Amino acid sequence: MLALICGIVGMAGGGTFAAIGVWVAFVEPAYLDRASRLLIGGWGSAGLSGVAGWLWLSSRYLRQGRTGLRDAGPWPWVALGLGVLAALAVVGMAFWQAAASPMALVLLLAGPPLMLPAVMLVRLRCTQGA
């Protein structure tokens, strides 16, 4: 239940911010220089791939159990890892900005809650059981 609640919050918040980052970087590039576009676009793409990896692996676990996680192949796990890296960057940015404004801690709702279900999926894949 906890994974479902954290996963939905992380997917909604992180997915929204990641999609906005990709949109601003690649569709509306007039606001940023080239380096900023690549950084924001890469960060957003990593976040979106993490959400997609989490959805894919979660659906495999719900349909096939731990066997489905073990047989998933490397690509969803790589996508999940990229999403975790993007979420860790959000955590760092939130605490860095919190020194100036405590309201920046709201950023912790954008992606980092998805790290808990991601860790649970990795744990389920690595442990023995049915």
# chains A, B, ... in the order shown; residues from 1 in each chain; ligands from 1
call {"tool": "select_by_dssp", "arguments": {"residues": "chain A", "states": "alpha helix (DSSP H)", "output": "MDAnalysis selection string"}}
result
chainID A and resid 2:22 34:64 66:70 74:98 115:126
call {"tool": "closest_atom_pairs", "arguments": {"of": "stretch 4-42 of chain A", "to": "stretch 72-84 of chain A", "cutoff": "12 Å", "atoms": "only C-alpha atoms", "output": "tab-separated table"}}
result
residue	atom	partner	partner_atom	distance
A:Gly10	CA	A:Gly83	CA	10.7
A:Met11	CA	A:Gly83	CA	10.5
A:Gly14	CA	A:Gly83	CA	9.2
A:Gly15	CA	A:Gly83	CA	10.0
A:Ala18	CA	A:Gly83	CA	9.9
A:Gly42	CA	A:Leu82	CA	10.1
call {"tool": "closest_residue", "arguments": {"among": "A:Ile8, A:Cys126, A:Ala35, A:Leu48", "to": "A:Leu85", "atoms": "only C-alpha atoms"}}
result
A:Leu48
call {"tool": "residues_around", "arguments": {"residues": "A:Ala94", "least_positions_apart": "2", "cutoff": "7 Å", "atoms": "only C-alpha atoms", "output": "PDB file with all heavy atoms, in the first residue's frame"}}
result
ATOM      1  N   VAL A  90      16.924  16.128  -7.587  1.00  0.00           N
ATOM      2  CA  VAL A  90      15.836  16.950  -7.045  1.00  0.00           C
ATOM      3  C   VAL A  90      16.005  17.113  -5.536  1.00  0.00           C
ATOM      4  O   VAL A  90      15.797  18.200  -4.992  1.00  0.00           O
ATOM      5  CB  VAL A  90      14.454  16.334  -7.385  1.00  0.00           C
ATOM      6  CG1 VAL A  90      13.342  17.048  -6.640  1.00  0.00           C
ATOM      7  CG2 VAL A  90      14.204  16.389  -8.875  1.00  0.00           C
ATOM      8  N   VAL A  91      16.389  16.040  -4.849  1.00  0.00           N
ATOM      9  CA  VAL A  91      16.610  16.127  -3.396  1.00  0.00           C
ATOM     10  C   VAL A  91      17.716  17.133  -3.095  1.00  0.00           C
ATOM     11  O   VAL A  91      17.570  17.993  -2.222  1.00  0.00           O
ATOM     12  CB  VAL A  91      16.955  14.739  -2.813  1.00  0.00           C
ATOM     13  CG1 VAL A  91      17.418  14.847  -1.376  1.00  0.00           C
ATOM     14  CG2 VAL A  91      15.769  13.803  -2.916  1.00  0.00           C
ATOM     15  N   GLY A  92      18.827  17.036  -3.817  1.00  0.00           N
ATOM     16  CA  GLY A  92      19.916  17.978  -3.601  1.00  0.00           C
ATOM     17  C   GLY A  92      19.510  19.415  -3.870  1.00  0.00           C
ATOM     18  O   GLY A  92      19.830  20.326  -3.096  1.00  0.00           O
ATOM     19  N   TRP A  96      19.319  22.536  -1.186  1.00  0.00           N
ATOM     20  CA  TRP A  96      20.139  23.696  -1.489  1.00  0.00           C
ATOM     21  C   TRP A  96      19.279  24.958  -1.530  1.00  0.00           C
ATOM     22  O   TRP A  96      19.651  25.997  -0.984  1.00  0.00           O
ATOM     23  CB  TRP A  96      20.846  23.467  -2.816  1.00  0.00           C
ATOM     24  CG  TRP A  96      21.697  24.612  -3.263  1.00  0.00           C
ATOM     25  CD1 TRP A  96      22.733  25.187  -2.587  1.00  0.00           C
ATOM     26  CD2 TRP A  96      21.579  25.319  -4.488  1.00  0.00           C
ATOM     27  NE1 TRP A  96      23.272  26.200  -3.337  1.00  0.00           N
ATOM     28  CE2 TRP A  96      22.577  26.306  -4.506  1.00  0.00           C
ATOM     29  CE3 TRP A  96      20.740  25.205  -5.587  1.00  0.00           C
ATOM     30  CZ2 TRP A  96      22.744  27.165  -5.567  1.00  0.00           C
ATOM     31  CZ3 TRP A  96      20.915  26.067  -6.643  1.00  0.00           C
ATOM     32  CH2 TRP A  96      21.911  27.033  -6.622  1.00  0.00           C
ATOM     33  N   GLN A  97      18.119  24.876  -2.167  1.00  0.00           N
ATOM     34  CA  GLN A  97      17.219  26.026  -2.247  1.00  0.00           C
ATOM     35  C   GLN A  97      16.510  26.303  -0.929  1.00  0.00           C
ATOM     36  O   GLN A  97      16.040  27.416  -0.698  1.00  0.00           O
ATOM     37  CB  GLN A  97      16.174  25.805  -3.343  1.00  0.00           C
ATOM     38  CG  GLN A  97      16.742  25.798  -4.737  1.00  0.00           C
ATOM     39  CD  GLN A  97      17.241  27.176  -5.137  1.00  0.00           C
ATOM     40  OE1 GLN A  97      16.672  28.190  -4.778  1.00  0.00           O
ATOM     41  NE2 GLN A  97      18.325  27.201  -5.876  1.00  0.00           N
ATOM     42  N   ALA A  98      16.405  25.301  -0.048  1.00  0.00           N
ATOM     43  CA  ALA A  98      15.708  25.483   1.229  1.00  0.00           C
ATOM     44  C   ALA A  98      16.445  26.458   2.140  1.00  0.00           C
ATOM     45  O   ALA A  98      15.834  27.041   3.039  1.00  0.00           O
ATOM     46  CB  ALA A  98      15.531  24.145   1.931  1.00  0.00           C
ATOM     47  N   ALA A 104      10.953  25.651  -0.738  1.00  0.00           N
ATOM     48  CA  ALA A 104      11.604  24.811  -1.749  1.00  0.00           C
ATOM     49  C   ALA A 104      11.519  23.331  -1.391  1.00  0.00           C
ATOM     50  O   ALA A 104      11.677  22.475  -2.258  1.00  0.00           O
ATOM     51  CB  ALA A 104      13.068  25.234  -1.911  1.00  0.00           C
ATOM     52  N   LEU A 105      11.245  23.010  -0.141  1.00  0.00           N
ATOM     53  CA  LEU A 105      11.114  21.612   0.259  1.00  0.00           C
ATOM     54  C   LEU A 105       9.904  20.939  -0.380  1.00  0.00           C
ATOM     55  O   LEU A 105       9.798  19.714  -0.376  1.00  0.00           O
ATOM     56  CB  LEU A 105      11.059  21.504   1.777  1.00  0.00           C
ATOM     57  CG  LEU A 105      12.353  21.888   2.497  1.00  0.00           C
ATOM     58  CD1 LEU A 105      12.166  21.823   4.004  1.00  0.00           C
ATOM     59  CD2 LEU A 105      13.497  21.000   2.056  1.00  0.00           C
ATOM     60  N   LEU A 107       9.582  20.691  -3.377  1.00  0.00           N
ATOM     61  CA  LEU A 107      10.170  19.931  -4.485  1.00  0.00           C
ATOM     62  C   LEU A 107      10.371  18.461  -4.131  1.00  0.00           C
ATOM     63  O   LEU A 107      10.461  17.614  -5.017  1.00  0.00           O
ATOM     64  CB  LEU A 107      11.509  20.539  -4.889  1.00  0.00           C
ATOM     65  CG  LEU A 107      11.460  21.867  -5.616  1.00  0.00           C
ATOM     66  CD1 LEU A 107      12.870  22.415  -5.801  1.00  0.00           C
ATOM     67  CD2 LEU A 107      10.780  21.706  -6.953  1.00  0.00           C
ATOM     68  N   LEU A 108      10.423  18.148  -2.838  1.00  0.00           N
ATOM     69  CA  LEU A 108      10.609  16.760  -2.435  1.00  0.00           C
ATOM     70  C   LEU A 108       9.415  15.886  -2.804  1.00  0.00           C
ATOM     71  O   LEU A 108       9.497  14.663  -2.737  1.00  0.00           O
ATOM     72  CB  LEU A 108      10.886  16.676  -0.937  1.00  0.00           C
ATOM     73  CG  LEU A 108      12.213  17.288  -0.500  1.00  0.00           C
ATOM     74  CD1 LEU A 108      12.349  17.231   1.012  1.00  0.00           C
ATOM     75  CD2 LEU A 108      13.378  16.591  -1.174  1.00  0.00           C
TER      76      LEU A 108
END
call {"tool": "residues_around", "arguments": {"residues": "A:Gln128", "least_positions_apart": "4", "cutoff": "10 Å", "atoms": "only C-alpha atoms", "output": "count of residues only"}}
result
3
